[in-house]
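This report concerns only the one structure given below.
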Amino acid sequence: MKTIIKRIIGSIAFFAVLLSILISMGQLFVPNERFYDLWEKYYSEPRNSIDVVFIGSSAMYRYWIPPQAYEEGKLTSAMIAGTGQPYEATVHVIEETAKTQNPTVYVVEVRKLIKSRCQLIDGTYDTTEPDYANGRMISGMKPSLTRFRAAADLMSGKGLSYRIEWMFPILKFHDNVFEFSPDVILKRIPRVTNIYKYAAQISVVTPFQEPQPELDANYALTQEDKEALDTVVRKAEAVGAKVLFLSTPFIPKDSAFTVQTQLAEYMAEKGYDYLNLQDYTDEMEIDFATDFYNADHFNINGAQKSTHFVTEYLLENYHLPDTHSAEVQTQWRKASKKWQKKSATLMEQWAENVEKARESQAESE
Amino acid sequence: MSVITYGFLLFLAVSLTLYYIVPGKLQWLVLLCASIFFYAMAGVEYLAIAVGTALAVYACSLLLQKNLDEQAKRLEGADRKAARVIRAEMKDKRRRVLQVGLVFIIGLMVLFKGSSFLVRNLNKLLGIFSLQGIPNWKLIAPLGISFYSFMMISYLMNIYNGKLSAEKNFLRYLTFVLYFPHITQGPIADYANVAPQLFSGHRFDYDALRKGAWLMLWGFFKKLVIADRMSLFVTTVFGSSSSYAGPIFLFAGIVYSIQIYCDFSGCMDIVRGASECFGITLQENFRRPYFSETLPEFWRRWHITLGAFFREFVFYPVSTSKVFLNLNALGRKYFGNETGRNIASCLPILCVWFLTGIWHGATWNFIGWGLYHGVLICLSTIFEQPLANLTARLKLNTTTFSWRLFRMLRTFLLCVIGRIISMGNGIRASLYMLKSMVTQPELYNIWDLGLNSRGWSLVLLCCILLLAVSIAQEYRENRGDGTIRDWLAQQGLWLRWIVLLTGLLAVFTFGVYGSGVGAAFIYEQF
């Protein structure tokens, strides 16, 4: 009997050691790239220091500048927003973020939901980007049941092997061992500091005219989409937070405009907080000729305007904390200062790009 | 379901748990259900074919057994003359049943694996005479058809020869046929060896389980870390051989020889290890074949069960058949004793090797490969004595390590040439590669051909480790000291942990696996 117990304990201990090594090693293999580090930045925030968490795709992170929001309203925020990040990831992000922070509000962008619905109706929906975005988002999470559930849920259409690989980064990224150098290893071991607090703006300018989309009867918000919205609200409530659904300005096609309109109706029907910035482009003084870098995203100039607007909206409509600890204030002050320097550079570049765009437009005319 | 997937590991864990929960008498049913599930994952239609074939063989086996029982009954009290008549009569009937069984099994194998080749070549022949060809088709062969067919043939032949009694319970027989560790790539199991283990109850044996797991780990290492990494280079060169020239083909042949060894023996280690976890020991299929000093020895160390099958069921019956005995006599009459004897011994050898080539693949490359080995073995048989006389006359010390090493390297080189023949995209491509490697001096930077310098460093390190382990295995086996696993089991906890953790981490870190990476087994295609 003693031998049996010894063997059981020995086997469990062995697998526990193996699992620990695999999980720790996994972080060394994850690509050294901005979106993989999102979670690292989040985990490095002092506990319970974040007032608002922003979740979504590039339709979020191109529109929100956290250091500017702090500068203007002493509002601390975090972003778990990656390129192509599907809406379906939101519930898992809320669950994970609530472990180390207690934000008052989750701001969840809905353009990705709208875009996916339009593509599904069109028949142009391709799973490659969302699969990769989901995988990237999952592999950055700390190992936990949340991560395993996220992998099982978000990749339920894929095979077992696919899901298991995304659950354990070493399985997915082990080939990166051949890219190892001392430099790479040094970058991976210490926790990354978040010097610009998630800000990711660019200065490219592409001129547009204000869009005049129309309704298209071929497109509609489905029951599945509505349930997805309800699920997020329930999840946020379960962690004691509110949800503000956000739609950021872009140049919509008729399809997206139609679905977005129906979404707004559903929001009103359910009484959900919903802010469609497209309705406030005049108040924000958005210039379609200078504030976009492509049809789907703001550049630095546009982002500054949307950040200012949303900051005021949040301060007016939500009871956010007045003060933060000295450590938090110091961190955010530093980030704001650094961001001011960076944004000044970006704005100079933006101004040049505006000139170039105008010249180019004049030439073509 | 490939044995190198997470799904298989999960399946194995569940099967093992159920196996050791149920009473010993019912354990074989767990194996049967698990094997059916495993095979059905490849396609239910193929399961139906395998089961149907097993049913036909089972029916034949019962008829053969009935014949033998009747013969035994009739022989009671019969005198010698009557007994001879009875035996001949019963054997004649038995032969007919056997022939039906063999035609059925071989017919299905030819249909699935060889019909496309036959039709293609027939159409070429018809084309020469400007006749219309017949429509070509390619059937997807059921998983493991080459292996389970040979197991069935072996089963019927052993019953026919009275070495084995037929299994009366069809489900038990089906368990043997479909037994999931050996169904995909062998080893070609002998019913007499495996069945008693399959149907006897097994108590949970921690030592057997962990040693089985260790063997699986070694198999995963050979397959995923060595074989699949080498394949990145091999497929680059052999995949477009017309784009290359010179000694690169020899180098690729050497690398491929190591790759195919690690691939096949790696799989064997995984399936044998999995089987040992159930307390069932399957026969070894590889015994350090590249340590062989002659080709006949190589084929006694490489794919051992296939060699044993062909020896027992093709070579011996053919060489002792009336036709060949008459041929032997004729040969001695017209060409003299020695030449006549050589002709009589070489023809069955060539017959075996022709079939071995076809078994590996119904292509001219594999037929050429088979005949190449057949010719070499014939030559080694013919020149064995003359060479022994020569080395004696030259007073060469044939017991030295350097002499043995020379013979090992020579045998290895001969195998490499054979591999190049099999790897060409057509016989012409193979001949081009063989000619080019000795006539054209072009050189290439090998780390631009699928594997970078770090990849090659890893491969080299792993090959050194493989060599060291193989030498240790060979040494221990020659001394009768047991396996490396036995040695490891006797070591302290820390050393065991270090070895196992290093092995597991090596597989996880350096293995070629992951969705999108095509890590299939080379021998699965057979």
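Residues are referred to by chain and number: the chain letter is A, B, ... according to the order shown in the structure tokens, the number counts from 1 in that chain, and ligands are numbered separately from 1 in the order shown.
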Between chain B and chain A, at 10 Å or less, what are the per-residue closest atom pairs and their distances in Å? Count only C-alpha atoms, order by chain and rising residue number, and return it as CSV.
residue,atom,partner,partner_atom,distance
B:Thr5,CA,A:Ser161,CA,7.1
B:Tyr6,CA,A:Ser161,CA,6.0
B:Gly7,CA,A:Leu160,CA,6.8
B:Tyr206,CA,A:Arg7,CA,8.5
B:Arg210,CA,A:Ser11,CA,9.9
B:Asn452,CA,A:Phe178,CA,9.0
B:Ser453,CA,A:Phe178,CA,9.5
B:Arg454,CA,A:Phe178,CA,6.5
B:Gly455,CA,A:Phe178,CA,7.5
B:Leu458,CA,A:Phe178,CA,9.8
B:Leu493,CA,A:Gly10,CA,9.4
B:Trp497,CA,A:Phe14,CA,7.5
B:Leu500,CA,A:Phe14,CA,9.5
B:Leu501,CA,A:Leu18,CA,6.8
B:Thr502,CA,A:Leu18,CA,9.8
B:Leu504,CA,A:Leu18,CA,8.3
B:Leu505,CA,A:Leu22,CA,7.6
B:Val507,CA,A:His174,CA,9.8
B:Phe508,CA,A:Leu171,CA,6.6
B:Thr509,CA,A:His174,CA,5.1
B:Phe510,CA,A:His174,CA,6.9
B:Gly511,CA,A:His174,CA,8.1
B:Val512,CA,A:Asp175,CA,7.8
B:Tyr513,CA,A:Leu171,CA,8.2
B:Gly514,CA,A:Lys172,CA,6.6
B:Ser515,CA,A:Tyr162,CA,6.0
B:Gly516,CA,A:Tyr162,CA,9.4
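Non-sequential neighbours of Asn161 (chain B) (distance at most 10 Å, separation of 6 or more positions within a chain, only C-alpha atoms) are Leu64, Leu68, Lys91 and Arg94 of chain B.
The closest residue to Leu198 (chain B), picked from B:Pro289, B:Gly24, B:Gly273, B:Gly133 and counting only C-alpha atoms, is B:Gly24.
Put simply, CA of Asp263 (chain B) is 11.3 Å away from CA of Ile4 (chain B).
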**Request:** Just list the residues in region 17-220 of chain A DSSP gives alpha helix (DSSP H) on the backbone, as a PyMOL selection string.
**Result:** chain A and resi 17-29+38-43+58-61+66-73+90-97+111-122+128-140+145-154+160-167+169-173+182-188
**Prompt:** Which is closer to Gly246 (chain B) than all the others in B:Tyr444, B:Phe204, B:Tyr179, B:Phe315, using only C-alpha atoms?
**Reply:** B:Tyr444
**Request:** Tell me, as a ChimeraX atom specification, which residues lie within 10 Å of Leu38 (chain A), counting only C-alpha atoms; anything in the same chain fewer than 4 positions away does not count.
**Result:** /A:33-34,42-43,78-82,136-137,140-141,192,194,198
**Prompt:** Can you list, as a ChimeraX atom specification, every protein, DNA or RNA residue that comes within 12 Å of region 486-489 of chain B when you count only C-alpha atoms, leaving out same-chain residues fewer than 2 positions away?
**Reply:** /B:206-212,214-215,472-473,476-477,480-484,491-500
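Of the residues listed (A:Ala228, A:Pro182, A:Asp131, A:Ala13), A:Asp131 shows the shortest atom-to-atom separation from Gly157 (chain A); distances use only C-alpha atoms.
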**Prompt:** Pick the closest to Phe257 (chain A) from A:Leu229, A:Ile114, A:Ile55, A:Ala344: which is it, counting only C-alpha atoms?
**Reply:** A:Ile114
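Distances from A:Arg117, A:Lys197, A:His297, A:His92 to Arg147 (chain A) were compared using only C-alpha atoms, and the smallest one belongs to A:His92.
Of the residues listed (A:Met267, A:Ala69, A:Val93, A:Ala59), A:Val93 shows the shortest atom-to-atom separation from Val239 (chain A); distances use only C-alpha atoms.
Near region 142-145 of chain A, within 9 Å and counting only C-alpha atoms, sit Ile23, Trp39, Glu40, Tyr43, Glu96, Ile138, Ser139, Gly140, Arg147, Phe148, Arg149, Ala150, Met167 and Phe168 of chain A, not including residues fewer than 2 positions from it in the same chain.
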**Message:** as a PyMOL selection string, please: every residue in region 2-174 of chain A that a backbone DSSP assignment puts in strand (DSSP E).
**Reply:** chain A and resi 52-56+77-81+105-109
Could you dump the residues just selected with C-alpha atoms as a compact mmCIF listing (two decimals), in the first residue's frame?
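So the final result, stored in part_29.txt, reads:
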# COMPACT_ATOMS: atom_id res chain seq x y z
CA VAL A 52 -12.08 51.24 -17.55
CA VAL A 53 -11.13 48.28 -19.73
CA PHE A 54 -11.47 48.61 -23.48
CA ILE A 55 -12.02 45.42 -25.45
CA GLY A 56 -12.13 44.88 -29.18
CA SER A 77 -7.67 52.50 -18.67
CA ALA A 78 -6.38 49.30 -20.19
CA MET A 79 -6.91 47.82 -23.64
CA ILE A 80 -7.19 44.20 -24.53
CA ALA A 81 -7.65 44.91 -28.20
CA VAL A 105 -16.90 49.94 -16.98
CA TYR A 106 -16.03 47.63 -19.84
CA VAL A 107 -16.08 49.47 -23.15
CA VAL A 108 -16.75 46.88 -25.84
CA GLU A 109 -16.53 47.81 -29.48
**Request:** Quick one: everything within 7 Å of region 321-331 of chain B, counting only C-alpha atoms, minus sequence neighbours fewer than 3 positions away in the same chain. Send it as a PyMOL selection string.
**Result:** chain B and resi 317-318+334-336+340-341+343-344
Using the selection just defined, write its residues with C-alpha atoms as a compact mmCIF listing (two decimals), in the first residue's frame.
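And here is the file that came out, result_8.txt:
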# COMPACT_ATOMS: atom_id res chain seq x y z
CA PRO B 317 7.83 -23.16 -49.75
CA VAL B 318 9.17 -21.96 -53.11
CA TYR B 334 23.60 -28.64 -67.34
CA PHE B 335 25.74 -26.12 -65.48
CA GLY B 336 27.54 -28.19 -62.92
CA GLY B 340 23.28 -25.24 -60.66
CA ARG B 341 23.00 -24.91 -56.90
CA ILE B 343 20.74 -20.82 -59.77
CA ALA B 344 18.37 -22.86 -57.66
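For region 355-362 of chain B, the non-local neighbours within 7 Å, defined as residues at least 2 positions apart in the same chain or in other chains and counting only C-alpha atoms, are B:Lys113, B:Gly114, B:Phe117, B:Cys351, B:Val352, B:Trp353, B:Trp364, B:Phe366, B:Ile367, B:Trp369, B:Gly370, B:Phe526.
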